[in-house]
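Trainee: There's a structure below that I have some questions on.
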Amino acid sequence: MKTWVFSTEADGGASSSALEALTKARSFGGDLVAIHVGAGSEPALNELGAHGAATVLHLSADVSAAAIAAAMAAACETEQPDLIIFGMGNLDRDVAGRLSARLGKPVLANAVDVTVDGDSVRVANEILGGTTKVVTQFTEGAPAITITRPKAFPAEPNGGDAPTVSTLHVPDVGHAGDVVVLSSHAESAEGPDLEAAAVVVSGGRGLGGAEKFEMIAELAGLVGGAVGATRAVVDAGWVPYSYQVGQTGKTVKPSVYLACGISGAMQHLVGMKDSTTIIAINKDPEAPIFGVADLGIVGDVHNVVPALIEALKAHGS
Ligand SMILES: Cc1cc2nc3c(=O)[nH]c(=O)nc-3n(C[C@H](O)[C@H](O)[C@H](O)COP(=O)(O)OP(=O)(O)OC[C@H]3O[C@@H](n4cnc5c(N)ncnc54)[C@H](O)[C@@H]3O)c2cc1C
């Protein structure tokens with residue numbers, strides 16, 4: 001099995017989706033190659049090697065998605081990869097779609113698992129809010145192209161050596177190659193990184209107003225956690241989009257997820273249901289969030305959350 005993993009440079013390292021996919025792809029055996037777009041800093045390349053990439057095909061950050069796809073398509077002809085794994089990043093998805101069109105091969109997106117059995121590649125997707133798993137097998141021949149969801153696999157280094165790095169040749173794609181990204185910025189957020197935090201305290205519409213997020217932030221601060229939110233409150237302008245957990249927000253897998261005044265709509269659940277322990281506070285005992293909660297507190301958030309804060313302070317947190 002020859003597997004390619006798409007990687008982009010992020011904060012001086014390789015994208016987390018690439019490290020997750022490399023970790024998974026190690027279990028397939030065979031050649032493991034990272035297609036890395038960006039500065040190609042030593043830490044990023046070493047990280048790719050440490051997660052199993054023996055070879056890195058490098059492209060600089062100023063190459064357009066159209067040109068990256070063309071370069072990968074040309075390399076596919078000579079290198080004949082069996083499987084190409086992308087993450088959910090903007091560039092990942094842009095390139096995956098273009099590569100699919102160039103090669104005439106389908107893309108299976110939103111994968112939560114990828115399995116290889118001999119020459120056959122299958123991906124698993126969760127549908128209907130994660131209540132049903134669908135396994136699909138590629139039948140169009142190599143390469144199978146898939147886009148995997150964040151945190152579908154853990155990222156675990158195996159101590160691999162620094163990879164062999166070569167520059168991927170970029171063919172002329174005419175005006176499609178003229179597109180340049182002028183600037184990009186990361187939305188600022190305070191406190192621990194929501195996607196990496198061991199504890200997430202999230203608020204929903206049941207809080208009743210933007211100012212009530214102060215107590216959510218205080219509770220999160222006491223337990224060293226990050227603040228999350230539902231789309232309903234993001235749409236209401238109570239907190240920025242960077243806080244949103246769910247289908248169209250972030251996917252989190254903390255040890256503890258505390259849902260305060262959140263109904264548990266399917267689109268929210270897909271972003272947090274794999275948390276180790278889910279605690280829900282809701283005044284409606286029939287709220288769907290209790291269907292996934294390990295511990296449920298039927299009560300008013302305006303009473304329960306301040307009581308929790310008091311108790312944590314009393315215990316010196
Ligand atoms: C295409 C699409 C994508 C979406 N993507 C996302 C997404 O990424 N993330 C997301 O979260 N949603 C998403 N949604 C929206 C989703 O369907 C829900 O509308 C949203 O999650 C509801 O947010 P909520 O739980 O805060 O609000 P509500 O559904 O209004 O629930 C509020 C809850 O608070 C409880 N409550 C009220 N007062 C109190 C109180 N005083 N004390 C305790 N409990 C109280 C109520 O009983 C209720 O259960 C998406 C929807 C669509 C159509």
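Chain identifiers are assigned as A, B, and so on, following the order in which chains appear in the structure tokens; residues are numbered from 1 within each chain, and ligands are numbered from 1 in order of appearance.
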Taking only C-alpha atoms and all ligand atoms into account, which residues are within 10 Å of ligand 1, as a compact mmCIF listing (two decimals) with C-alpha atoms, in the first residue's frame?

Mentor:
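Output contents, as saved in result.txt:
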# COMPACT_ATOMS: atom_id res chain seq x y z
CA SER A 202 -20.01 24.93 26.72
CA GLY A 203 -22.98 27.24 26.89
CA GLY A 204 -26.21 27.24 24.91
CA ARG A 205 -29.31 29.35 24.50
CA GLY A 206 -30.52 28.22 27.92
CA LEU A 207 -28.06 30.70 29.43
CA GLY A 208 -30.42 33.46 28.38
CA GLY A 228 -17.39 26.25 23.84
CA ALA A 229 -20.81 27.20 22.53
CA THR A 230 -23.68 26.13 20.33
CA ARG A 231 -24.40 27.65 16.96
CA ALA A 232 -27.58 29.21 18.33
CA VAL A 233 -25.59 31.48 20.62
CA VAL A 234 -22.89 32.14 18.04
CA ASP A 235 -25.60 33.18 15.56
CA ALA A 236 -27.08 35.39 18.28
CA TYR A 241 -17.66 31.63 15.82
CA TYR A 243 -16.24 28.96 20.10
CA GLN A 244 -18.73 26.91 18.08
CA VAL A 245 -18.80 23.16 18.62
CA GLY A 246 -20.62 20.94 16.14
CA GLN A 247 -21.18 20.00 12.55
CA THR A 248 -20.31 23.44 11.22
CA GLY A 249 -17.97 24.29 14.08
CA LYS A 250 -15.19 22.47 15.88
CA THR A 251 -14.92 18.81 16.79
CA ALA A 259 -22.99 21.25 28.45
CA CYS A 260 -24.88 24.12 30.10
CA GLY A 261 -28.32 25.02 28.77
CA ILE A 262 -27.78 23.08 25.55
CA SER A 263 -30.65 21.08 24.04
CA GLY A 264 -28.46 18.48 22.28
CA ALA A 265 -29.39 19.00 18.64
CA MET A 266 -27.81 16.46 16.30
CA GLN A 267 -25.63 19.15 14.71
CA HIS A 268 -24.15 19.95 18.12
CA LEU A 269 -23.77 16.33 19.19
CA VAL A 270 -21.58 15.38 16.18
CA GLY A 271 -18.97 17.82 17.44
CA MET A 272 -18.74 16.55 21.05
CA ALA A 280 -25.31 18.08 31.00
CA ILE A 281 -27.21 20.73 32.90
CA ASN A 282 -30.67 21.41 31.51
CA LYS A 283 -33.97 22.31 33.12
CA ASP A 284 -35.89 20.07 30.71
CA PRO A 285 -35.58 16.40 31.74
CA GLU A 286 -36.59 15.41 28.19
CA ALA A 287 -33.77 17.39 26.55
CA PRO A 288 -31.93 15.20 23.97
CA ILE A 289 -28.55 16.10 25.49
CA PHE A 290 -29.39 13.70 28.34
CA ILE A 297 -28.31 17.51 36.21
CA VAL A 298 -31.93 18.56 35.75
CA GLY A 299 -31.90 22.13 36.94
CA ASP A 300 -31.57 25.80 36.15
CA VAL A 301 -28.10 26.74 34.90
CA HIS A 302 -28.40 30.01 36.79
CA ASN A 303 -28.49 28.05 40.03
CA VAL A 304 -26.32 25.04 39.21
CA VAL A 305 -23.36 26.81 37.57

Trainee: From a DSSP pass on the backbone, collect the residues of segment 28-149 of chain A flagged as helix (DSSP H, G or I) and hand them back as an MDAnalysis selection string.

Mentor: chainID A and resid 42:50 65:79 90:103

Trainee: Generate a file of the selected residues that holds C-alpha atoms, formatted as a PDB file, in the first residue's frame.

Mentor:
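Resulting contents of part39.pdb:
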ATOM      1  CA  GLU A  42      12.756  21.740   9.943  1.00  0.00           C
ATOM      2  CA  PRO A  43      10.331  21.235  12.877  1.00  0.00           C
ATOM      3  CA  ALA A  44       7.438  20.622  10.466  1.00  0.00           C
ATOM      4  CA  LEU A  45       9.420  18.140   8.362  1.00  0.00           C
ATOM      5  CA  ASN A  46      10.794  16.364  11.438  1.00  0.00           C
ATOM      6  CA  GLU A  47       7.283  16.107  12.834  1.00  0.00           C
ATOM      7  CA  LEU A  48       6.109  14.428   9.630  1.00  0.00           C
ATOM      8  CA  GLY A  49       9.042  12.012   9.848  1.00  0.00           C
ATOM      9  CA  ALA A  50       8.397  11.313  13.519  1.00  0.00           C
ATOM     10  CA  ALA A  65      -4.707  25.071  -5.010  1.00  0.00           C
ATOM     11  CA  ALA A  66      -5.155  24.529  -8.756  1.00  0.00           C
ATOM     12  CA  ALA A  67      -1.409  24.196  -9.233  1.00  0.00           C
ATOM     13  CA  ILE A  68      -1.005  21.926  -6.198  1.00  0.00           C
ATOM     14  CA  ALA A  69      -3.696  19.620  -7.587  1.00  0.00           C
ATOM     15  CA  ALA A  70      -2.007  19.632 -10.997  1.00  0.00           C
ATOM     16  CA  ALA A  71       1.357  18.832  -9.417  1.00  0.00           C
ATOM     17  CA  MET A  72      -0.138  15.982  -7.404  1.00  0.00           C
ATOM     18  CA  ALA A  73      -2.027  14.624 -10.414  1.00  0.00           C
ATOM     19  CA  ALA A  74       1.189  14.577 -12.452  1.00  0.00           C
ATOM     20  CA  ALA A  75       3.054  12.859  -9.615  1.00  0.00           C
ATOM     21  CA  CYS A  76       0.255  10.288  -9.328  1.00  0.00           C
ATOM     22  CA  GLU A  77       1.099   9.094 -12.849  1.00  0.00           C
ATOM     23  CA  THR A  78       4.662   8.254 -11.933  1.00  0.00           C
ATOM     24  CA  GLU A  79       4.291   7.363  -8.246  1.00  0.00           C
ATOM     25  CA  ASN A  90      -9.664  24.850   3.560  1.00  0.00           C
ATOM     26  CA  LEU A  91      -6.666  24.078   1.355  1.00  0.00           C
ATOM     27  CA  ASP A  92      -7.076  20.333   1.911  1.00  0.00           C
ATOM     28  CA  ARG A  93     -10.634  20.418   0.634  1.00  0.00           C
ATOM     29  CA  ASP A  94      -9.854  22.784  -2.218  1.00  0.00           C
ATOM     30  CA  VAL A  95      -7.035  20.579  -3.485  1.00  0.00           C
ATOM     31  CA  ALA A  96      -8.944  17.298  -2.927  1.00  0.00           C
ATOM     32  CA  GLY A  97     -11.821  18.447  -5.135  1.00  0.00           C
ATOM     33  CA  ARG A  98      -9.511  19.649  -7.899  1.00  0.00           C
ATOM     34  CA  LEU A  99      -7.423  16.479  -7.755  1.00  0.00           C
ATOM     35  CA  SER A 100     -10.566  14.370  -7.949  1.00  0.00           C
ATOM     36  CA  ALA A 101     -11.640  16.220 -11.093  1.00  0.00           C
ATOM     37  CA  ARG A 102      -8.186  15.902 -12.676  1.00  0.00           C
ATOM     38  CA  LEU A 103      -7.900  12.169 -11.982  1.00  0.00           C
TER      39      LEU A 103
END

Trainee: Go through segment 101-282 of chain A and collect every residue that DSSP, computed from the backbone, puts in strand (DSSP E); the answer should be as a count of residues only.

Mentor: 54

Trainee: Report as number ranges by chain all protein, DNA and RNA residues lying within 7 Å of Val201 of chain A, evaluated on only C-alpha atoms, omitting residues in the same chain fewer than 6 positions from it.

Mentor: A: 216, 220, 225-228, 257-259

Trainee: Write the residues of the selection above to a file with C-alpha atoms, as a PDB file, in the first residue's frame.

Mentor:
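Generated output (selection_13.pdb):
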ATOM      1  CA  ILE A 216     -19.190  29.804  31.870  1.00  0.00           C
ATOM      2  CA  ALA A 220     -13.933  26.865  32.698  1.00  0.00           C
ATOM      3  CA  GLY A 225     -10.883  24.204  30.564  1.00  0.00           C
ATOM      4  CA  ALA A 226     -11.833  25.945  27.336  1.00  0.00           C
ATOM      5  CA  VAL A 227     -15.169  27.636  26.596  1.00  0.00           C
ATOM      6  CA  GLY A 228     -17.391  26.250  23.842  1.00  0.00           C
ATOM      7  CA  TYR A 257     -17.523  18.048  28.292  1.00  0.00           C
ATOM      8  CA  LEU A 258     -19.911  20.122  30.384  1.00  0.00           C
ATOM      9  CA  ALA A 259     -22.994  21.254  28.446  1.00  0.00           C
TER      10      ALA A 259
END

Trainee: For Leu19 of chain A, which of A:Ser184, A:Thr139, A:Thr148, A:Thr115 is the closest residue, counting only C-alpha atoms?

Mentor: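 Looking at the shortest contact to Leu19 of chain A, the residue is A:Thr148.
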
Trainee: What does the distance between atom CA of Ala152 of chain A and atom CA of Gly38 of chain A come to in Å, to one decimal place?

Mentor: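 Computing it gives 23.6 Å between the two atoms.
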
Trainee: Could you pull the residues within 12 Å of His185 of chain A, counting only C-alpha atoms, minus those fewer than 4 positions along the same chain, as an MDAnalysis selection string?

Mentor: chainID A and resid 10:11 181

Trainee: For a test of reading the model, state the distance in Å between atom CA of Gly13 of chain A and atom CA of Ser64 of chain A, rounded to one decimal.

Mentor: 20.3 Å
